[in-house]
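Coordinates from run-v7.cif are shown below (mmCIF, N, CA and C atoms).
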```cif
data_query
#
loop_
_atom_site.label_atom_id
_atom_site.label_comp_id
_atom_site.auth_asym_id
_atom_site.auth_seq_id
_atom_site.Cartn_x
_atom_site.Cartn_y
_atom_site.Cartn_z
N MET A 1 25.08 -2.88 47.45
CA MET A 1 24.39 -3.68 46.46
C MET A 1 23.00 -3.12 46.16
N VAL A 2 22.31 -2.66 47.18
CA VAL A 2 20.97 -2.08 47.01
C VAL A 2 21.06 -0.82 46.16
N GLU A 3 22.07 -0.02 46.40
CA GLU A 3 22.23 1.22 45.64
C GLU A 3 22.46 0.92 44.16
N TRP A 4 23.26 -0.08 43.84
CA TRP A 4 23.52 -0.44 42.46
C TRP A 4 22.26 -0.99 41.80
N SER A 5 21.48 -1.74 42.56
CA SER A 5 20.21 -2.27 42.03
C SER A 5 19.25 -1.13 41.73
N LEU A 6 19.18 -0.16 42.63
CA LEU A 6 18.33 1.01 42.40
C LEU A 6 18.79 1.79 41.17
N MET A 7 20.09 1.98 41.04
CA MET A 7 20.64 2.70 39.90
C MET A 7 20.34 1.95 38.60
N ALA A 8 20.48 0.63 38.60
CA ALA A 8 20.18 -0.17 37.42
C ALA A 8 18.69 -0.07 37.07
N GLY A 9 17.83 -0.07 38.08
CA GLY A 9 16.39 0.08 37.86
C GLY A 9 16.04 1.42 37.24
N VAL A 10 16.65 2.48 37.74
CA VAL A 10 16.40 3.82 37.21
C VAL A 10 16.87 3.89 35.75
N ILE A 11 18.05 3.34 35.47
CA ILE A 11 18.57 3.36 34.10
C ILE A 11 17.67 2.55 33.17
N LEU A 12 17.17 1.41 33.64
CA LEU A 12 16.27 0.58 32.85
C LEU A 12 14.98 1.33 32.52
N VAL A 13 14.40 1.98 33.51
CA VAL A 13 13.17 2.75 33.29
C VAL A 13 13.42 3.89 32.29
N LEU A 14 14.52 4.59 32.44
CA LEU A 14 14.86 5.67 31.51
C LEU A 14 15.05 5.14 30.09
N ALA A 15 15.69 3.99 29.96
CA ALA A 15 15.91 3.40 28.64
C ALA A 15 14.58 3.02 27.99
N LEU A 16 13.65 2.47 28.77
CA LEU A 16 12.34 2.10 28.24
C LEU A 16 11.54 3.33 27.81
N VAL A 17 11.58 4.38 28.61
CA VAL A 17 10.89 5.62 28.26
C VAL A 17 11.50 6.21 26.98
N PHE A 18 12.82 6.20 26.90
CA PHE A 18 13.51 6.72 25.72
C PHE A 18 13.14 5.92 24.48
N ALA A 19 13.10 4.60 24.59
CA ALA A 19 12.75 3.74 23.45
C ALA A 19 11.33 4.03 22.98
N ARG A 20 10.42 4.23 23.89
CA ARG A 20 9.02 4.56 23.53
C ARG A 20 8.96 5.89 22.81
N LYS A 21 9.68 6.87 23.30
CA LYS A 21 9.69 8.20 22.66
C LYS A 21 10.30 8.13 21.27
N VAL A 22 11.31 7.30 21.09
CA VAL A 22 11.93 7.13 19.77
C VAL A 22 10.90 6.56 18.80
N GLN A 23 10.11 5.60 19.22
CA GLN A 23 9.08 5.02 18.36
C GLN A 23 8.05 6.07 17.96
N VAL A 24 7.66 6.91 18.90
CA VAL A 24 6.67 7.96 18.61
C VAL A 24 7.25 8.94 17.58
N VAL A 25 8.50 9.32 17.76
CA VAL A 25 9.14 10.24 16.82
C VAL A 25 9.28 9.58 15.44
N GLN A 26 9.59 8.30 15.38
CA GLN A 26 9.66 7.60 14.10
C GLN A 26 8.29 7.63 13.40
N GLY A 27 7.24 7.42 14.16
CA GLY A 27 5.88 7.48 13.60
C GLY A 27 5.55 8.88 13.10
N GLN A 28 5.95 9.90 13.85
CA GLN A 28 5.71 11.27 13.43
C GLN A 28 6.50 11.62 12.18
N SER A 29 7.72 11.13 12.08
CA SER A 29 8.52 11.42 10.88
C SER A 29 7.94 10.71 9.66
N GLU A 30 7.40 9.51 9.83
CA GLU A 30 6.76 8.84 8.71
C GLU A 30 5.51 9.59 8.28
N LEU A 31 4.73 10.07 9.25
CA LEU A 31 3.54 10.86 8.92
C LEU A 31 3.93 12.10 8.13
N ALA A 32 4.97 12.79 8.55
CA ALA A 32 5.43 13.99 7.83
C ALA A 32 5.87 13.64 6.41
N ALA A 33 6.55 12.52 6.24
CA ALA A 33 6.99 12.10 4.89
C ALA A 33 5.80 11.77 4.00
N VAL A 34 4.80 11.10 4.56
CA VAL A 34 3.60 10.75 3.78
C VAL A 34 2.87 12.03 3.37
N GLN A 35 2.68 12.94 4.31
CA GLN A 35 2.00 14.19 4.00
C GLN A 35 2.78 15.00 2.97
N SER A 36 4.09 14.98 3.04
CA SER A 36 4.92 15.70 2.09
C SER A 36 4.77 15.12 0.68
N THR A 37 4.78 13.79 0.56
CA THR A 37 4.63 13.16 -0.75
C THR A 37 3.24 13.41 -1.32
N LEU A 38 2.21 13.31 -0.47
CA LEU A 38 0.85 13.61 -0.93
C LEU A 38 0.76 15.06 -1.41
N GLY A 39 1.39 15.96 -0.67
CA GLY A 39 1.39 17.37 -1.06
C GLY A 39 2.10 17.59 -2.39
N ALA A 40 3.22 16.89 -2.60
CA ALA A 40 3.95 17.02 -3.86
C ALA A 40 3.11 16.49 -5.03
N LEU A 41 2.41 15.37 -4.83
CA LEU A 41 1.56 14.83 -5.88
C LEU A 41 0.40 15.77 -6.19
N ARG A 42 -0.21 16.33 -5.16
CA ARG A 42 -1.33 17.26 -5.37
C ARG A 42 -0.86 18.52 -6.09
N THR A 43 0.30 19.01 -5.71
CA THR A 43 0.86 20.19 -6.38
C THR A 43 1.17 19.88 -7.84
N ALA A 44 1.70 18.70 -8.12
CA ALA A 44 2.00 18.32 -9.50
C ALA A 44 0.73 18.24 -10.34
N LEU A 45 -0.36 17.74 -9.75
CA LEU A 45 -1.63 17.68 -10.47
C LEU A 45 -2.15 19.08 -10.78
N ILE A 46 -1.98 20.01 -9.86
CA ILE A 46 -2.41 21.40 -10.09
C ILE A 46 -1.56 22.03 -11.18
N PHE A 47 -0.25 21.83 -11.14
CA PHE A 47 0.62 22.38 -12.18
C PHE A 47 0.27 21.81 -13.56
N GLU A 48 -0.03 20.52 -13.59
CA GLU A 48 -0.41 19.91 -14.88
C GLU A 48 -1.68 20.57 -15.41
N HIS A 49 -2.65 20.79 -14.53
CA HIS A 49 -3.90 21.44 -14.95
C HIS A 49 -3.63 22.85 -15.46
N LEU A 50 -2.82 23.60 -14.74
CA LEU A 50 -2.50 24.97 -15.17
C LEU A 50 -1.76 24.97 -16.50
N GLN A 51 -0.85 24.05 -16.68
CA GLN A 51 -0.11 23.96 -17.93
C GLN A 51 -1.05 23.63 -19.09
N LYS A 52 -1.95 22.68 -18.89
CA LYS A 52 -2.91 22.33 -19.94
C LYS A 52 -3.84 23.50 -20.23
N SER A 53 -4.22 24.23 -19.20
CA SER A 53 -5.11 25.37 -19.38
C SER A 53 -4.43 26.47 -20.19
N THR A 54 -3.18 26.76 -19.88
CA THR A 54 -2.48 27.83 -20.60
C THR A 54 -2.13 27.43 -22.03
N LEU A 55 -1.97 26.13 -22.28
CA LEU A 55 -1.67 25.67 -23.63
C LEU A 55 -2.95 25.42 -24.44
N GLY A 56 -4.11 25.61 -23.79
CA GLY A 56 -5.38 25.43 -24.48
C GLY A 56 -5.73 23.99 -24.76
N GLN A 57 -5.23 23.07 -23.96
CA GLN A 57 -5.51 21.65 -24.18
C GLN A 57 -6.77 21.19 -23.49
N GLY A 58 -7.44 22.06 -22.77
CA GLY A 58 -8.67 21.67 -22.09
C GLY A 58 -8.41 21.04 -20.75
N PRO A 59 -9.47 20.71 -20.01
CA PRO A 59 -9.32 20.14 -18.68
C PRO A 59 -8.80 18.71 -18.71
N SER A 60 -8.19 18.32 -17.62
CA SER A 60 -7.72 16.94 -17.48
C SER A 60 -8.91 16.00 -17.42
N VAL A 61 -8.74 14.82 -17.93
CA VAL A 61 -9.80 13.82 -17.91
C VAL A 61 -9.29 12.62 -17.14
N VAL A 62 -10.09 12.13 -16.20
CA VAL A 62 -9.67 11.02 -15.36
C VAL A 62 -9.37 9.79 -16.20
N GLY A 63 -10.16 9.53 -17.24
CA GLY A 63 -9.97 8.35 -18.05
C GLY A 63 -8.61 8.31 -18.74
N THR A 64 -8.04 9.46 -19.01
CA THR A 64 -6.75 9.50 -19.69
C THR A 64 -5.62 9.82 -18.71
N GLN A 65 -5.92 9.79 -17.45
CA GLN A 65 -4.92 10.15 -16.44
C GLN A 65 -3.80 9.12 -16.41
N ARG A 66 -2.61 9.62 -16.48
CA ARG A 66 -1.46 8.74 -16.32
C ARG A 66 -1.05 8.76 -14.86
N ASN A 67 -0.06 8.02 -14.56
CA ASN A 67 0.45 7.89 -13.20
C ASN A 67 0.90 9.26 -12.69
N PRO A 68 0.33 9.76 -11.57
CA PRO A 68 0.72 11.09 -11.08
C PRO A 68 2.18 11.16 -10.63
N PHE A 69 2.79 10.03 -10.33
CA PHE A 69 4.20 10.04 -9.96
C PHE A 69 5.07 10.47 -11.14
N GLU A 70 4.56 10.24 -12.36
CA GLU A 70 5.30 10.65 -13.55
C GLU A 70 5.38 12.17 -13.69
N LEU A 71 4.51 12.88 -12.99
CA LEU A 71 4.52 14.35 -13.04
C LEU A 71 5.59 14.95 -12.15
N LEU A 72 6.12 14.17 -11.24
CA LEU A 72 7.14 14.67 -10.32
C LEU A 72 8.49 14.78 -11.04
N GLY A 73 9.27 15.77 -10.66
CA GLY A 73 10.60 15.92 -11.23
C GLY A 73 11.51 14.76 -10.87
N ARG A 74 11.32 14.25 -9.67
CA ARG A 74 12.13 13.12 -9.18
C ARG A 74 11.21 12.18 -8.41
N LEU A 75 11.28 10.92 -8.74
CA LEU A 75 10.44 9.93 -8.04
C LEU A 75 10.93 9.73 -6.62
N PRO A 76 10.01 9.50 -5.68
CA PRO A 76 10.44 9.18 -4.32
C PRO A 76 11.26 7.89 -4.31
N ALA A 77 12.22 7.82 -3.43
CA ALA A 77 13.09 6.64 -3.35
C ALA A 77 12.29 5.38 -3.02
N ASN A 78 11.18 5.54 -2.32
CA ASN A 78 10.39 4.38 -1.92
C ASN A 78 9.19 4.12 -2.84
N TYR A 79 9.22 4.67 -4.05
CA TYR A 79 8.18 4.39 -5.04
C TYR A 79 8.48 3.05 -5.71
N ARG A 80 7.53 2.14 -5.69
CA ARG A 80 7.74 0.79 -6.22
C ARG A 80 7.12 0.57 -7.59
N GLY A 81 6.46 1.57 -8.14
CA GLY A 81 5.91 1.45 -9.49
C GLY A 81 4.44 1.10 -9.49
N GLU A 82 3.99 0.63 -10.65
CA GLU A 82 2.58 0.27 -10.82
C GLU A 82 2.36 -1.15 -10.31
N ILE A 83 1.56 -1.23 -9.27
CA ILE A 83 1.24 -2.52 -8.64
C ILE A 83 -0.26 -2.54 -8.41
N SER A 84 -0.90 -3.64 -8.75
CA SER A 84 -2.34 -3.73 -8.58
C SER A 84 -2.70 -3.77 -7.09
N ARG A 85 -3.93 -3.41 -6.83
CA ARG A 85 -4.43 -3.41 -5.44
C ARG A 85 -4.31 -4.79 -4.81
N ALA A 86 -4.58 -5.82 -5.60
CA ALA A 86 -4.52 -7.18 -5.08
C ALA A 86 -3.10 -7.57 -4.66
N SER A 87 -2.10 -7.00 -5.32
CA SER A 87 -0.70 -7.33 -5.02
C SER A 87 -0.05 -6.36 -4.05
N ALA A 88 -0.79 -5.36 -3.61
CA ALA A 88 -0.21 -4.30 -2.77
C ALA A 88 0.33 -4.84 -1.45
N SER A 89 -0.27 -5.88 -0.92
CA SER A 89 0.19 -6.42 0.37
C SER A 89 1.58 -7.04 0.26
N SER A 90 2.01 -7.37 -0.96
CA SER A 90 3.34 -7.95 -1.12
C SER A 90 4.43 -6.88 -1.24
N ALA A 91 4.03 -5.62 -1.35
CA ALA A 91 5.01 -4.54 -1.45
C ALA A 91 5.70 -4.35 -0.09
N PRO A 92 6.96 -3.98 -0.08
CA PRO A 92 7.66 -3.80 1.19
C PRO A 92 7.08 -2.61 1.98
N PRO A 93 7.16 -2.67 3.30
CA PRO A 93 6.66 -1.56 4.11
C PRO A 93 7.37 -0.25 3.75
N GLY A 94 6.59 0.84 3.80
CA GLY A 94 7.13 2.15 3.48
C GLY A 94 7.13 2.44 1.99
N SER A 95 6.32 1.73 1.21
CA SER A 95 6.32 1.85 -0.24
C SER A 95 5.13 2.66 -0.76
N TRP A 96 5.39 3.43 -1.80
CA TRP A 96 4.35 4.10 -2.57
C TRP A 96 4.07 3.26 -3.81
N LEU A 97 2.78 3.20 -4.21
CA LEU A 97 2.34 2.38 -5.34
C LEU A 97 1.37 3.18 -6.20
N PHE A 98 1.18 2.72 -7.41
CA PHE A 98 0.12 3.27 -8.26
C PHE A 98 -0.61 2.11 -8.89
N ASP A 99 -1.94 2.11 -8.78
CA ASP A 99 -2.78 1.09 -9.40
C ASP A 99 -3.51 1.73 -10.58
N ARG A 100 -3.13 1.33 -11.78
CA ARG A 100 -3.70 1.91 -13.00
C ARG A 100 -5.18 1.57 -13.15
N ASP A 101 -5.61 0.40 -12.67
CA ASP A 101 -7.00 -0.02 -12.85
C ASP A 101 -7.97 0.90 -12.12
N CYS A 102 -7.67 1.26 -10.89
CA CYS A 102 -8.58 2.13 -10.15
C CYS A 102 -8.11 3.59 -10.16
N VAL A 103 -6.99 3.86 -10.79
CA VAL A 103 -6.35 5.18 -10.82
C VAL A 103 -6.21 5.66 -9.37
N CYS A 104 -5.44 4.87 -8.61
CA CYS A 104 -5.24 5.13 -7.19
C CYS A 104 -3.76 5.13 -6.83
N VAL A 105 -3.43 5.97 -5.88
CA VAL A 105 -2.10 6.00 -5.29
C VAL A 105 -2.21 5.31 -3.94
N GLY A 106 -1.30 4.42 -3.64
CA GLY A 106 -1.34 3.69 -2.38
C GLY A 106 -0.05 3.86 -1.59
N TYR A 107 -0.17 3.76 -0.27
CA TYR A 107 1.00 3.81 0.60
C TYR A 107 0.90 2.66 1.60
N VAL A 108 1.96 1.87 1.66
CA VAL A 108 2.06 0.77 2.63
C VAL A 108 2.88 1.30 3.81
N PRO A 109 2.27 1.44 4.99
CA PRO A 109 2.98 2.04 6.13
C PRO A 109 4.21 1.24 6.56
N LEU A 110 5.24 1.99 6.90
CA LEU A 110 6.47 1.40 7.43
C LEU A 110 6.24 0.96 8.87
N TYR A 111 5.53 1.75 9.63
CA TYR A 111 5.18 1.43 11.02
C TYR A 111 3.66 1.31 11.12
N PRO A 112 3.09 0.16 10.79
CA PRO A 112 1.63 0.02 10.74
C PRO A 112 0.93 0.18 12.08
N LYS A 113 1.67 0.14 13.17
CA LYS A 113 1.00 0.28 14.47
C LYS A 113 0.42 1.68 14.67
N TRP A 114 0.90 2.66 13.91
CA TRP A 114 0.38 4.02 14.03
C TRP A 114 -0.75 4.29 13.05
N PHE A 115 -0.96 3.39 12.09
CA PHE A 115 -1.93 3.59 11.01
C PHE A 115 -3.25 2.93 11.37
N ASP A 116 -4.34 3.68 11.19
CA ASP A 116 -5.68 3.19 11.49
C ASP A 116 -6.58 3.38 10.28
N SER A 117 -7.22 2.31 9.84
CA SER A 117 -8.16 2.36 8.74
C SER A 117 -9.50 1.82 9.22
N PRO A 118 -10.61 2.51 8.96
CA PRO A 118 -11.91 2.01 9.42
C PRO A 118 -12.23 0.60 8.94
N SER A 119 -11.77 0.25 7.73
CA SER A 119 -12.06 -1.08 7.19
C SER A 119 -11.02 -2.11 7.61
N GLY A 120 -9.96 -1.68 8.28
CA GLY A 120 -8.90 -2.60 8.66
C GLY A 120 -7.88 -2.82 7.55
N ASN A 121 -7.99 -2.04 6.48
CA ASN A 121 -7.06 -2.15 5.36
C ASN A 121 -5.65 -1.79 5.82
N THR A 122 -4.65 -2.44 5.27
CA THR A 122 -3.27 -2.18 5.67
C THR A 122 -2.56 -1.22 4.73
N VAL A 123 -3.26 -0.75 3.70
CA VAL A 123 -2.70 0.19 2.73
C VAL A 123 -3.61 1.41 2.68
N ALA A 124 -3.02 2.60 2.67
CA ALA A 124 -3.78 3.84 2.51
C ALA A 124 -3.92 4.10 1.01
N TRP A 125 -5.17 4.21 0.53
CA TRP A 125 -5.43 4.43 -0.90
C TRP A 125 -6.02 5.80 -1.12
N TYR A 126 -5.52 6.47 -2.16
CA TYR A 126 -5.98 7.80 -2.54
C TYR A 126 -6.36 7.76 -4.01
N ARG A 127 -7.63 8.03 -4.28
CA ARG A 127 -8.14 7.97 -5.65
C ARG A 127 -7.87 9.31 -6.35
N VAL A 128 -7.38 9.22 -7.58
CA VAL A 128 -7.19 10.40 -8.42
C VAL A 128 -8.52 10.64 -9.11
N SER A 129 -9.16 11.78 -8.80
CA SER A 129 -10.48 12.03 -9.36
C SER A 129 -10.68 13.51 -9.64
N GLY A 130 -11.69 13.79 -10.42
CA GLY A 130 -12.05 15.15 -10.75
C GLY A 130 -12.63 15.20 -12.14
N THR A 131 -13.56 16.13 -12.35
CA THR A 131 -14.17 16.28 -13.66
C THR A 131 -13.81 17.62 -14.28
N SER A 132 -13.79 18.65 -13.47
CA SER A 132 -13.37 19.96 -13.97
C SER A 132 -12.37 20.53 -12.98
N GLY A 133 -11.47 21.30 -13.48
CA GLY A 133 -10.42 21.83 -12.62
C GLY A 133 -9.33 20.79 -12.46
N PRO A 134 -8.41 21.07 -11.57
CA PRO A 134 -7.30 20.11 -11.38
C PRO A 134 -7.80 18.81 -10.76
N LEU A 135 -7.13 17.73 -11.11
CA LEU A 135 -7.45 16.45 -10.50
C LEU A 135 -7.09 16.49 -9.02
N GLN A 136 -7.79 15.70 -8.24
CA GLN A 136 -7.60 15.66 -6.80
C GLN A 136 -7.15 14.28 -6.35
N LEU A 137 -6.43 14.23 -5.25
CA LEU A 137 -6.12 12.97 -4.58
C LEU A 137 -7.02 12.91 -3.35
N LEU A 138 -7.98 12.01 -3.36
CA LEU A 138 -8.94 11.92 -2.26
C LEU A 138 -8.80 10.58 -1.54
N ALA A 139 -8.68 10.64 -0.23
CA ALA A 139 -8.56 9.43 0.57
C ALA A 139 -9.83 8.60 0.44
N GLU A 140 -9.68 7.30 0.28
CA GLU A 140 -10.84 6.43 0.14
C GLU A 140 -11.54 6.18 1.47
N GLU A 141 -10.82 6.37 2.56
CA GLU A 141 -11.39 6.19 3.89
C GLU A 141 -10.88 7.31 4.78
N ALA A 142 -11.43 7.37 5.97
CA ALA A 142 -10.97 8.36 6.95
C ALA A 142 -9.79 7.77 7.73
N TYR A 143 -8.61 7.80 7.10
CA TYR A 143 -7.42 7.23 7.72
C TYR A 143 -6.97 8.10 8.88
N VAL A 144 -6.41 7.44 9.90
CA VAL A 144 -5.90 8.15 11.07
C VAL A 144 -4.48 7.65 11.34
N TRP A 145 -3.59 8.58 11.65
CA TRP A 145 -2.20 8.27 11.96
C TRP A 145 -1.85 9.00 13.24
N GLN A 146 -1.60 8.27 14.30
CA GLN A 146 -1.27 8.84 15.61
C GLN A 146 -2.29 9.92 15.99
N ASP A 147 -3.57 9.58 15.89
CA ASP A 147 -4.69 10.46 16.24
C ASP A 147 -4.80 11.70 15.36
N GLN A 148 -4.17 11.68 14.18
CA GLN A 148 -4.29 12.77 13.22
C GLN A 148 -4.87 12.23 11.92
N ALA A 149 -5.73 13.04 11.28
CA ALA A 149 -6.30 12.63 10.00
C ALA A 149 -5.21 12.55 8.95
N LEU A 150 -5.24 11.50 8.18
CA LEU A 150 -4.27 11.31 7.11
C LEU A 150 -5.03 11.39 5.79
N ASN A 151 -5.20 12.62 5.31
CA ASN A 151 -5.97 12.77 4.07
C ASN A 151 -5.27 13.63 3.10
#
```
Before anything else, please render the file you have as structure tokens.
Amino acid sequence: MVEWSLMAGVILVLALVFARKVQVVQGQSELAAVQSTLGALRTALIFEHLQKSTLGQGPSVVGTQRNPFELLGRLPANYRGEISRASASSAPPGSWLFDRDCVCVGYVPLYPKWFDSPSGNTVAWYRVSGTSGPLQLLAEEAYVWQDQALN
């Protein structure tokens, strides 16, 4: 009986360690997906600038900036459309948003326990800005995800 209890204890400890590692990997995969989407949006903004430059249309202007998700060939499956900042908390976890009023891209974390915002905000916001050259996506705060900068 003691041997079976010991074996059950060892299996329980291994299962708990495994579950913790699975959570860490899920957090890392979400971080990679967020960074990939941000990279795709930034690349699309650069391509738009290059295209306008070669066609002689002049530099992009922030005031006339449309939704950067529209520049992508295919929208992310978790893109929820144009949602105001005030309504962002009602978006489902793991969602990408665009707020036309502030010209910002937002991400609502799927696993918020890994997301850290200095202001305690639950959404990561990236402002589309720039005056000359390609438009940029700049993080509004110094976001941290599993001890890594999320910018």
Where does the PyMOL selection byres ((chain A and resi 122) around 6) land in this file, that is, which residues does it pick, as JSON, numbers by chain? {"A": [108, 109, 120, 121, 123, 124]}
Counting all atoms listed in the file, the option among A:Trp4, A:His49, A:Leu71, A:Ala88 closest to Gly133 (chain A): A:His49
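Separating CA of Val128 (chain A) from CA of Glu48 (chain A) is a distance of 13.3 Å.
Atom pair atom N of Leu150 (chain A) / CA of Val34 (chain A) has a distance of 9.9 Å (rounded to one decimal).
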From a backbone DSSP assignment, name each residue in chain A labelled helix (DSSP H, G or I), as a PyMOL selection string. chain A and resi 2-54+62-64+68-71+85-90+112-114
At a cut-off of 7 Å, using only N, CA and C atoms, what residues contact Asn78 (chain A)? Leave out same-chain residues fewer than 5 positions from it and give the result as a list of chain:residue names. A:Gly94, A:Ser95, A:Trp96, A:Leu97
Quick one: of A:Pro76, A:Ile46, A:Asp116, A:Gln148, who's nearest to Ser132 (chain A), counting only C-alpha atoms? A:Ile46
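Using only C-alpha atoms, the smallest distance between any of A:Ser90, A:Gln146, A:Gln35, A:Asn151 and Gln23 (chain A) comes from A:Gln146.
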Starting from the PyMOL selection byres ((chain A and resi 98) around 8), expand the selection into actual residues of this file and give them as a ChimeraX atom specification. /A:67-69,79-85,95-97,99-107
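Residue nearest Pro134 (chain A), chosen from A:Ala86, A:Arg74, A:Leu50, A:Arg20 and counting all atoms listed in the file: A:Leu50.
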Return as a CSV table (one decimal) with N, CA and C atoms, keeping the file's coordinate frame the full set of residues in chain A whose backbone-based DSSP assignment is strand (DSSP E).
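The file below, result.csv, is the result:
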```csv
chain,number,residue,atom,x,y,z
A,79,TYR,N,9.2,4.7,-4.0
A,79,TYR,CA,8.2,4.4,-5.0
A,79,TYR,C,8.5,3.0,-5.7
A,80,ARG,N,7.5,2.1,-5.7
A,80,ARG,CA,7.7,0.8,-6.2
A,80,ARG,C,7.1,0.6,-7.6
A,81,GLY,N,6.5,1.6,-8.1
A,81,GLY,CA,5.9,1.4,-9.5
A,81,GLY,C,4.4,1.1,-9.5
A,82,GLU,N,4.0,0.6,-10.6
A,82,GLU,CA,2.6,0.3,-10.8
A,82,GLU,C,2.4,-1.2,-10.3
A,95,SER,N,6.3,1.7,1.2
A,95,SER,CA,6.3,1.8,-0.2
A,95,SER,C,5.1,2.7,-0.8
A,96,TRP,N,5.4,3.4,-1.8
A,96,TRP,CA,4.4,4.1,-2.6
A,96,TRP,C,4.1,3.3,-3.8
A,97,LEU,N,2.8,3.2,-4.2
A,97,LEU,CA,2.3,2.4,-5.3
A,97,LEU,C,1.4,3.2,-6.2
A,98,PHE,N,1.2,2.7,-7.4
A,98,PHE,CA,0.1,3.3,-8.3
A,98,PHE,C,-0.6,2.1,-8.9
A,99,ASP,N,-1.9,2.1,-8.8
A,99,ASP,CA,-2.8,1.1,-9.4
A,99,ASP,C,-3.5,1.7,-10.6
A,104,CYS,N,-5.4,4.9,-8.6
A,104,CYS,CA,-5.2,5.1,-7.2
A,104,CYS,C,-3.8,5.1,-6.8
A,105,VAL,N,-3.4,6.0,-5.9
A,105,VAL,CA,-2.1,6.0,-5.3
A,105,VAL,C,-2.2,5.3,-3.9
A,106,GLY,N,-1.3,4.4,-3.6
A,106,GLY,CA,-1.3,3.7,-2.4
A,106,GLY,C,0.0,3.9,-1.6
A,107,TYR,N,-0.2,3.8,-0.3
A,107,TYR,CA,1.0,3.8,0.6
A,107,TYR,C,0.9,2.7,1.6
A,108,VAL,N,2.0,1.9,1.7
A,108,VAL,CA,2.1,0.8,2.6
A,108,VAL,C,2.9,1.3,3.8
A,115,PHE,N,-1.0,3.4,12.1
A,115,PHE,CA,-1.9,3.6,11.0
A,115,PHE,C,-3.2,2.9,11.4
A,116,ASP,N,-4.3,3.7,11.2
A,116,ASP,CA,-5.7,3.2,11.5
A,116,ASP,C,-6.6,3.4,10.3
A,124,ALA,N,-3.0,2.6,2.7
A,124,ALA,CA,-3.8,3.8,2.5
A,124,ALA,C,-3.9,4.1,1.0
A,125,TRP,N,-5.2,4.2,0.5
A,125,TRP,CA,-5.4,4.4,-0.9
A,125,TRP,C,-6.0,5.8,-1.1
A,126,TYR,N,-5.5,6.5,-2.2
A,126,TYR,CA,-6.0,7.8,-2.5
A,126,TYR,C,-6.4,7.8,-4.0
A,127,ARG,N,-7.6,8.0,-4.3
A,127,ARG,CA,-8.1,8.0,-5.6
A,127,ARG,C,-7.9,9.3,-6.4
A,128,VAL,N,-7.4,9.2,-7.6
A,128,VAL,CA,-7.2,10.4,-8.4
A,128,VAL,C,-8.5,10.6,-9.1
A,129,SER,N,-9.2,11.8,-8.8
A,129,SER,CA,-10.5,12.0,-9.4
A,129,SER,C,-10.7,13.5,-9.6
A,136,GLN,N,-7.8,15.7,-8.2
A,136,GLN,CA,-7.6,15.7,-6.8
A,136,GLN,C,-7.2,14.3,-6.4
A,137,LEU,N,-6.4,14.2,-5.2
A,137,LEU,CA,-6.1,13.0,-4.6
A,137,LEU,C,-7.0,12.9,-3.4
A,138,LEU,N,-8.0,12.0,-3.4
A,138,LEU,CA,-8.9,11.9,-2.3
A,138,LEU,C,-8.8,10.6,-1.5
A,139,ALA,N,-8.7,10.6,-0.2
A,139,ALA,CA,-8.6,9.4,0.6
A,139,ALA,C,-9.8,8.6,0.4
A,144,VAL,N,-6.4,7.4,9.9
A,144,VAL,CA,-5.9,8.2,11.1
A,144,VAL,C,-4.5,7.6,11.3
A,145,TRP,N,-3.6,8.6,11.6
A,145,TRP,CA,-2.2,8.3,12.0
A,145,TRP,C,-1.8,9.0,13.2
A,148,GLN,N,-4.2,11.7,14.2
A,148,GLN,CA,-4.3,12.8,13.2
A,148,GLN,C,-4.9,12.2,11.9
A,149,ALA,N,-5.7,13.0,11.3
A,149,ALA,CA,-6.3,12.6,10.0
A,149,ALA,C,-5.2,12.6,9.0
```
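Reported to one decimal place, the separation of CA of Arg42 (chain A) from atom C of Glu70 (chain A) is 11.8 Å.
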